[in-house]
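In what follows, a structure is listed as structure tokens, so that the remarks can point back to it.
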Amino acid sequence: MSRESTSRWISGGRISQNPRVRLFCFPYSGASASIYYTWINYAPTMVDICPIQLPGHGTRLTELLHNDLQSLIKDAYIELEPYFSDVPYVFFGHSFGALFSFELARVLRDQGKNSPEHLFVSGHGAPHLVDLYPRIHTLPEKEFRERIGELNGMSPEILKNNELMELLSPIIRADFSCCETYSYCPGIPFSFPITAFGGLEDKHVSRNDLEQWKIHSTVATDVRLFPGDHFFLHGNVENIVRVILRVSLQ
């Protein structure tokens, strides 16, 4: 039997009465929780699927956006902490979502709360690595759209639609601001495993970038590569979920 989440941070997905594990899914920059709505089709009912909805995104469009990661994590921690205490859980985050889930896991650990059983990071190099790409969240609109287009995460038709971009651009800029103003602070490695997913044709995140996640866990870190570019997750949902479940349900 499923029940509705009472948290505005969890949109769609599924929360069961007696799950074996709860999977939290963190979106990439500019995306809403809806990118994970289909994941319930590939997971048994013993697995909760919890797509994370950020303020100012999707069903929370009227709320204020966050421009820095720490304030975002603070709010997420306060709101979501009850969902981490009753059932074993794992985190999955793609790109910005990987960084978000990593730092949220650190806060939970440092506050003495239940930690994830596993951290699945996707399309993002290890957080201690220096970002060599120029910042884009402060660029003029024309240049900003050009850079977004280079990432291949949004169709040219949408980028050329001025009315739609007036709505989307502030959301994407806020998320990029969270990433680009982020400053890594060294900390104690996790005692749970990390699996890093990447795209074989991703020009922005290399295999070596993914392998560097190993310094953030005292347990062996695994790297899995899939066909596709930086947004490979959209074409590999079933296989990605299968890997997550194989590890999480052991």
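Labels used: A, B, ... for chains in the order of the structure tokens, numbers from 1 for residues in each chain, and numbers from 1 for ligands as shown.
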Sorted per-residue table, stretch 119-210 of chain A near stretch 232-238 of chain A, closest atoms and distance, 12 Å, only C-alpha atoms, as JSON lines:
```
{"residue": "A:Val121", "atom": "CA", "partner": "A:Leu233", "partner_atom": "CA", "distance": 11.4}
{"residue": "A:Ser122", "atom": "CA", "partner": "A:Leu233", "partner_atom": "CA", "distance": 8.2}
{"residue": "A:Gly123", "atom": "CA", "partner": "A:Phe232", "partner_atom": "CA", "distance": 8.3}
{"residue": "A:Leu151", "atom": "CA", "partner": "A:Phe232", "partner_atom": "CA", "distance": 11.8}
{"residue": "A:Asn152", "atom": "CA", "partner": "A:Phe232", "partner_atom": "CA", "distance": 10.6}
{"residue": "A:Gly153", "atom": "CA", "partner": "A:Phe232", "partner_atom": "CA", "distance": 10.0}
{"residue": "A:Phe197", "atom": "CA", "partner": "A:Leu233", "partner_atom": "CA", "distance": 8.9}
{"residue": "A:Gly198", "atom": "CA", "partner": "A:Phe232", "partner_atom": "CA", "distance": 7.5}
{"residue": "A:Gly199", "atom": "CA", "partner": "A:Phe232", "partner_atom": "CA", "distance": 5.5}
{"residue": "A:Leu200", "atom": "CA", "partner": "A:Phe232", "partner_atom": "CA", "distance": 8.4}
{"residue": "A:Glu201", "atom": "CA", "partner": "A:Phe232", "partner_atom": "CA", "distance": 8.6}
{"residue": "A:Asp202", "atom": "CA", "partner": "A:Phe232", "partner_atom": "CA", "distance": 8.1}
{"residue": "A:Lys203", "atom": "CA", "partner": "A:Phe232", "partner_atom": "CA", "distance": 11.7}
{"residue": "A:Val205", "atom": "CA", "partner": "A:Phe232", "partner_atom": "CA", "distance": 11.7}
```
For N, CA, C and O atoms, I'd like the residues from the last selection saved as a PDB file, in the first residue's frame.
```pdb
ATOM      1  N   VAL A 121      26.291   8.711  -7.138  1.00  0.00           N
ATOM      2  CA  VAL A 121      26.521  10.024  -7.748  1.00  0.00           C
ATOM      3  C   VAL A 121      26.652   9.843  -9.245  1.00  0.00           C
ATOM      4  O   VAL A 121      27.228   8.869  -9.716  1.00  0.00           O
ATOM      5  N   SER A 122      26.138  10.791  -9.998  1.00  0.00           N
ATOM      6  CA  SER A 122      26.021  10.615 -11.443  1.00  0.00           C
ATOM      7  C   SER A 122      26.368  11.916 -12.163  1.00  0.00           C
ATOM      8  O   SER A 122      25.876  12.988 -11.796  1.00  0.00           O
ATOM      9  N   GLY A 123      27.221  11.822 -13.179  1.00  0.00           N
ATOM     10  CA  GLY A 123      27.509  12.985 -14.005  1.00  0.00           C
ATOM     11  C   GLY A 123      28.171  14.125 -13.279  1.00  0.00           C
ATOM     12  O   GLY A 123      28.009  15.291 -13.656  1.00  0.00           O
ATOM     13  N   LEU A 151      25.874  22.299 -23.318  1.00  0.00           N
ATOM     14  CA  LEU A 151      25.761  21.156 -22.406  1.00  0.00           C
ATOM     15  C   LEU A 151      24.797  20.096 -22.928  1.00  0.00           C
ATOM     16  O   LEU A 151      24.759  18.978 -22.419  1.00  0.00           O
ATOM     17  N   ASN A 152      23.978  20.478 -23.917  1.00  0.00           N
ATOM     18  CA  ASN A 152      23.060  19.537 -24.568  1.00  0.00           C
ATOM     19  C   ASN A 152      21.940  19.060 -23.641  1.00  0.00           C
ATOM     20  O   ASN A 152      21.390  17.979 -23.831  1.00  0.00           O
ATOM     21  N   GLY A 153      21.626  19.881 -22.646  1.00  0.00           N
ATOM     22  CA  GLY A 153      20.574  19.484 -21.721  1.00  0.00           C
ATOM     23  C   GLY A 153      19.223  20.097 -22.024  1.00  0.00           C
ATOM     24  O   GLY A 153      18.236  19.820 -21.344  1.00  0.00           O
ATOM     25  N   PHE A 197      28.318   7.089 -11.448  1.00  0.00           N
ATOM     26  CA  PHE A 197      27.854   6.808 -12.804  1.00  0.00           C
ATOM     27  C   PHE A 197      28.334   7.909 -13.749  1.00  0.00           C
ATOM     28  O   PHE A 197      28.384   9.087 -13.374  1.00  0.00           O
ATOM     29  N   GLY A 198      28.659   7.526 -14.981  1.00  0.00           N
ATOM     30  CA  GLY A 198      29.077   8.514 -15.963  1.00  0.00           C
ATOM     31  C   GLY A 198      28.664   8.129 -17.363  1.00  0.00           C
ATOM     32  O   GLY A 198      28.292   6.983 -17.636  1.00  0.00           O
ATOM     33  N   GLY A 199      28.729   9.101 -18.273  1.00  0.00           N
ATOM     34  CA  GLY A 199      28.419   8.858 -19.672  1.00  0.00           C
ATOM     35  C   GLY A 199      29.688   8.663 -20.477  1.00  0.00           C
ATOM     36  O   GLY A 199      30.656   9.407 -20.315  1.00  0.00           O
ATOM     37  N   LEU A 200      29.680   7.679 -21.334  1.00  0.00           N
ATOM     38  CA  LEU A 200      30.866   7.373 -22.132  1.00  0.00           C
ATOM     39  C   LEU A 200      31.255   8.531 -23.045  1.00  0.00           C
ATOM     40  O   LEU A 200      32.433   8.696 -23.381  1.00  0.00           O
ATOM     41  N   GLU A 201      30.285   9.357 -23.450  1.00  0.00           N
ATOM     42  CA  GLU A 201      30.565  10.479 -24.335  1.00  0.00           C
ATOM     43  C   GLU A 201      30.470  11.821 -23.608  1.00  0.00           C
ATOM     44  O   GLU A 201      30.378  12.871 -24.251  1.00  0.00           O
ATOM     45  N   ASP A 202      30.510  11.801 -22.295  1.00  0.00           N
ATOM     46  CA  ASP A 202      30.430  13.045 -21.517  1.00  0.00           C
ATOM     47  C   ASP A 202      31.744  13.819 -21.663  1.00  0.00           C
ATOM     48  O   ASP A 202      32.802  13.351 -21.234  1.00  0.00           O
ATOM     49  N   LYS A 203      31.671  15.017 -22.239  1.00  0.00           N
ATOM     50  CA  LYS A 203      32.863  15.835 -22.464  1.00  0.00           C
ATOM     51  C   LYS A 203      33.244  16.663 -21.238  1.00  0.00           C
ATOM     52  O   LYS A 203      34.300  17.293 -21.216  1.00  0.00           O
ATOM     53  N   VAL A 205      32.737  15.454 -17.773  1.00  0.00           N
ATOM     54  CA  VAL A 205      33.098  14.636 -16.614  1.00  0.00           C
ATOM     55  C   VAL A 205      33.789  13.371 -17.117  1.00  0.00           C
ATOM     56  O   VAL A 205      33.168  12.542 -17.786  1.00  0.00           O
TER      57      VAL A 205
END
```
Using DSSP on the backbone coordinates, identify the residues of stretch 165-248 of chain A assigned to alpha helix (DSSP H); present them as a ChimeraX atom specification. /A:165-180,207-211,237-248
Hey, can you spit out that residue selection with N, CA, C and O atoms as a tab-separated table (two decimals), in the first residue's frame?
```tsv
chain	number	residue	atom	x	y	z
A	165	MET	N	11.91	30.83	-21.79
A	165	MET	CA	13.20	31.05	-21.13
A	165	MET	C	13.13	32.13	-20.05
A	165	MET	O	13.92	32.12	-19.11
A	166	GLU	N	12.18	33.05	-20.17
A	166	GLU	CA	11.98	34.02	-19.10
A	166	GLU	C	11.59	33.33	-17.80
A	166	GLU	O	11.91	33.79	-16.70
A	167	LEU	N	10.90	32.20	-17.93
A	167	LEU	CA	10.53	31.40	-16.77
A	167	LEU	C	11.67	30.50	-16.31
A	167	LEU	O	11.96	30.40	-15.11
A	168	LEU	N	12.35	29.86	-17.27
A	168	LEU	CA	13.35	28.85	-16.93
A	168	LEU	C	14.72	29.41	-16.56
A	168	LEU	O	15.42	28.85	-15.73
A	169	SER	N	15.10	30.50	-17.20
A	169	SER	CA	16.45	31.03	-17.01
A	169	SER	C	16.78	31.34	-15.55
A	169	SER	O	17.86	30.96	-15.06
A	170	PRO	N	15.92	32.00	-14.78
A	170	PRO	CA	16.25	32.26	-13.37
A	170	PRO	C	16.43	30.98	-12.55
A	170	PRO	O	17.25	30.93	-11.64
A	171	ILE	N	15.66	29.94	-12.90
A	171	ILE	CA	15.78	28.67	-12.19
A	171	ILE	C	17.13	28.03	-12.47
A	171	ILE	O	17.84	27.58	-11.55
A	172	ILE	N	17.50	28.00	-13.74
A	172	ILE	CA	18.78	27.39	-14.12
A	172	ILE	C	19.93	28.20	-13.53
A	172	ILE	O	20.91	27.63	-13.02
A	173	ARG	N	19.84	29.52	-13.60
A	173	ARG	CA	20.90	30.36	-13.04
A	173	ARG	C	21.09	30.12	-11.54
A	173	ARG	O	22.21	30.06	-11.04
A	174	ALA	N	19.98	30.01	-10.82
A	174	ALA	CA	20.05	29.79	-9.36
A	174	ALA	C	20.76	28.48	-9.06
A	174	ALA	O	21.60	28.41	-8.15
A	175	ASP	N	20.43	27.43	-9.80
A	175	ASP	CA	21.06	26.13	-9.57
A	175	ASP	C	22.54	26.17	-9.91
A	175	ASP	O	23.37	25.60	-9.20
A	176	PHE	N	22.86	26.83	-11.02
A	176	PHE	CA	24.27	26.96	-11.37
A	176	PHE	C	25.02	27.80	-10.35
A	176	PHE	O	26.19	27.56	-10.07
A	177	SER	N	24.36	28.79	-9.79
A	177	SER	CA	24.98	29.59	-8.74
A	177	SER	C	25.32	28.72	-7.53
A	177	SER	O	26.40	28.85	-6.93
A	178	CYS	N	24.41	27.80	-7.18
A	178	CYS	CA	24.68	26.88	-6.06
A	178	CYS	C	25.94	26.07	-6.33
A	178	CYS	O	26.75	25.85	-5.42
A	179	CYS	N	26.10	25.62	-7.55
A	179	CYS	CA	27.28	24.82	-7.92
A	179	CYS	C	28.54	25.66	-8.01
A	179	CYS	O	29.60	25.29	-7.48
A	180	GLU	N	28.43	26.80	-8.67
A	180	GLU	CA	29.61	27.59	-9.01
A	180	GLU	C	30.14	28.41	-7.84
A	180	GLU	O	31.29	28.85	-7.87
A	207	ARG	N	36.22	9.77	-16.74
A	207	ARG	CA	36.27	8.61	-15.85
A	207	ARG	C	37.15	8.89	-14.64
A	207	ARG	O	36.84	8.50	-13.51
A	208	ASN	N	38.27	9.59	-14.86
A	208	ASN	CA	39.15	9.92	-13.75
A	208	ASN	C	38.44	10.82	-12.74
A	208	ASN	O	38.62	10.66	-11.53
A	209	ASP	N	37.63	11.77	-13.23
A	209	ASP	CA	36.85	12.61	-12.32
A	209	ASP	C	35.94	11.77	-11.44
A	209	ASP	O	35.76	12.06	-10.24
A	210	LEU	N	35.35	10.74	-12.02
A	210	LEU	CA	34.46	9.85	-11.27
A	210	LEU	C	35.23	8.98	-10.29
A	210	LEU	O	34.79	8.75	-9.16
A	211	GLU	N	36.37	8.49	-10.71
A	211	GLU	CA	37.17	7.62	-9.85
A	211	GLU	C	37.67	8.34	-8.60
A	211	GLU	O	37.94	7.71	-7.58
A	237	VAL	N	17.58	4.75	-17.98
A	237	VAL	CA	16.87	4.69	-16.70
A	237	VAL	C	16.76	3.26	-16.17
A	237	VAL	O	17.09	2.98	-15.01
A	238	GLU	N	16.29	2.35	-17.00
A	238	GLU	CA	16.08	0.98	-16.53
A	238	GLU	C	17.37	0.36	-16.02
A	238	GLU	O	17.39	-0.28	-14.96
A	239	ASN	N	18.47	0.54	-16.75
A	239	ASN	CA	19.74	-0.05	-16.34
A	239	ASN	C	20.31	0.61	-15.09
A	239	ASN	O	20.87	-0.06	-14.22
A	240	ILE	N	20.13	1.92	-14.98
A	240	ILE	CA	20.61	2.64	-13.79
A	240	ILE	C	19.84	2.17	-12.55
A	240	ILE	O	20.42	1.88	-11.51
A	241	VAL	N	18.51	2.11	-12.68
A	241	VAL	CA	17.70	1.65	-11.54
A	241	VAL	C	18.05	0.22	-11.17
A	241	VAL	O	18.12	-0.14	-9.99
A	242	ARG	N	18.31	-0.61	-12.18
A	242	ARG	CA	18.67	-2.00	-11.90
A	242	ARG	C	19.96	-2.08	-11.08
A	242	ARG	O	20.05	-2.87	-10.12
A	243	VAL	N	20.94	-1.28	-11.43
A	243	VAL	CA	22.20	-1.27	-10.67
A	243	VAL	C	21.95	-0.80	-9.23
A	243	VAL	O	22.45	-1.41	-8.27
A	244	ILE	N	21.18	0.27	-9.09
A	244	ILE	CA	20.90	0.79	-7.75
A	244	ILE	C	20.19	-0.26	-6.89
A	244	ILE	O	20.56	-0.49	-5.73
A	245	LEU	N	19.20	-0.93	-7.46
A	245	LEU	CA	18.44	-1.91	-6.70
A	245	LEU	C	19.27	-3.15	-6.38
A	245	LEU	O	19.15	-3.73	-5.28
A	246	ARG	N	20.10	-3.56	-7.31
A	246	ARG	CA	20.94	-4.74	-7.07
A	246	ARG	C	21.83	-4.51	-5.86
A	246	ARG	O	22.03	-5.41	-5.04
A	247	VAL	N	22.35	-3.30	-5.73
A	247	VAL	CA	23.22	-2.98	-4.61
A	247	VAL	C	22.40	-2.73	-3.34
A	247	VAL	O	22.75	-3.21	-2.26
A	248	SER	N	21.31	-2.00	-3.46
A	248	SER	CA	20.55	-1.55	-2.30
A	248	SER	C	19.75	-2.66	-1.63
A	248	SER	O	19.44	-2.57	-0.42
```
What residues in stretch 26-148 of chain A get the DSSP label strand (DSSP E or B)? Please answer as a PyMOL selection string. chain A and resi 26+47-52+89-94+118-122
In terms of the shortest atom-to-atom distance over only C-alpha atoms, which of A:Phe120, A:Tyr28, A:Tyr182, A:Tyr37 is closest to A:Asp222? A:Phe120
Find the residues around A:Lys142 up to 12 Å (only C-alpha atoms counted), leave out those fewer than 5 positions away in its own chain, and share them as number ranges by chain. A: 136-137, 147-149, 159-160, 162, 165, 169
Taking N, CA, C and O atoms for each residue, export the selection above as a compact mmCIF listing (two decimals), in the first residue's frame.
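Output contents, as saved in part_2.txt:
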```txt
# COMPACT_ATOMS: atom_id res chain seq x y z
N ILE A 136 29.06 30.46 -15.37
CA ILE A 136 28.09 30.94 -16.36
C ILE A 136 26.86 31.59 -15.74
O ILE A 136 26.08 32.23 -16.45
N HIS A 137 26.66 31.45 -14.42
CA HIS A 137 25.39 31.91 -13.86
C HIS A 137 25.23 33.43 -13.88
O HIS A 137 24.12 33.94 -13.74
N ARG A 147 25.83 28.73 -23.62
CA ARG A 147 26.54 27.76 -22.78
C ARG A 147 25.62 26.62 -22.37
O ARG A 147 26.04 25.45 -22.33
N ILE A 148 24.38 26.93 -22.05
CA ILE A 148 23.42 25.88 -21.71
C ILE A 148 23.23 24.95 -22.91
O ILE A 148 23.16 23.72 -22.77
N GLY A 149 23.19 25.53 -24.09
CA GLY A 149 23.04 24.73 -25.30
C GLY A 149 24.21 23.80 -25.52
O GLY A 149 24.05 22.67 -25.99
N LEU A 159 15.48 26.89 -26.01
CA LEU A 159 16.42 27.99 -25.80
C LEU A 159 16.06 29.22 -26.63
O LEU A 159 16.37 30.35 -26.23
N LYS A 160 15.41 29.02 -27.76
CA LYS A 160 15.03 30.14 -28.62
C LYS A 160 13.66 30.71 -28.26
O LYS A 160 13.26 31.75 -28.80
N ASN A 162 11.69 32.77 -26.15
CA ASN A 162 11.94 33.81 -25.16
C ASN A 162 10.95 33.77 -24.00
O ASN A 162 11.32 33.99 -22.85
N MET A 165 11.91 30.83 -21.79
CA MET A 165 13.20 31.05 -21.13
C MET A 165 13.13 32.13 -20.05
O MET A 165 13.92 32.12 -19.11
N SER A 169 15.10 30.50 -17.20
CA SER A 169 16.45 31.03 -17.01
C SER A 169 16.78 31.34 -15.55
O SER A 169 17.86 30.96 -15.06
```
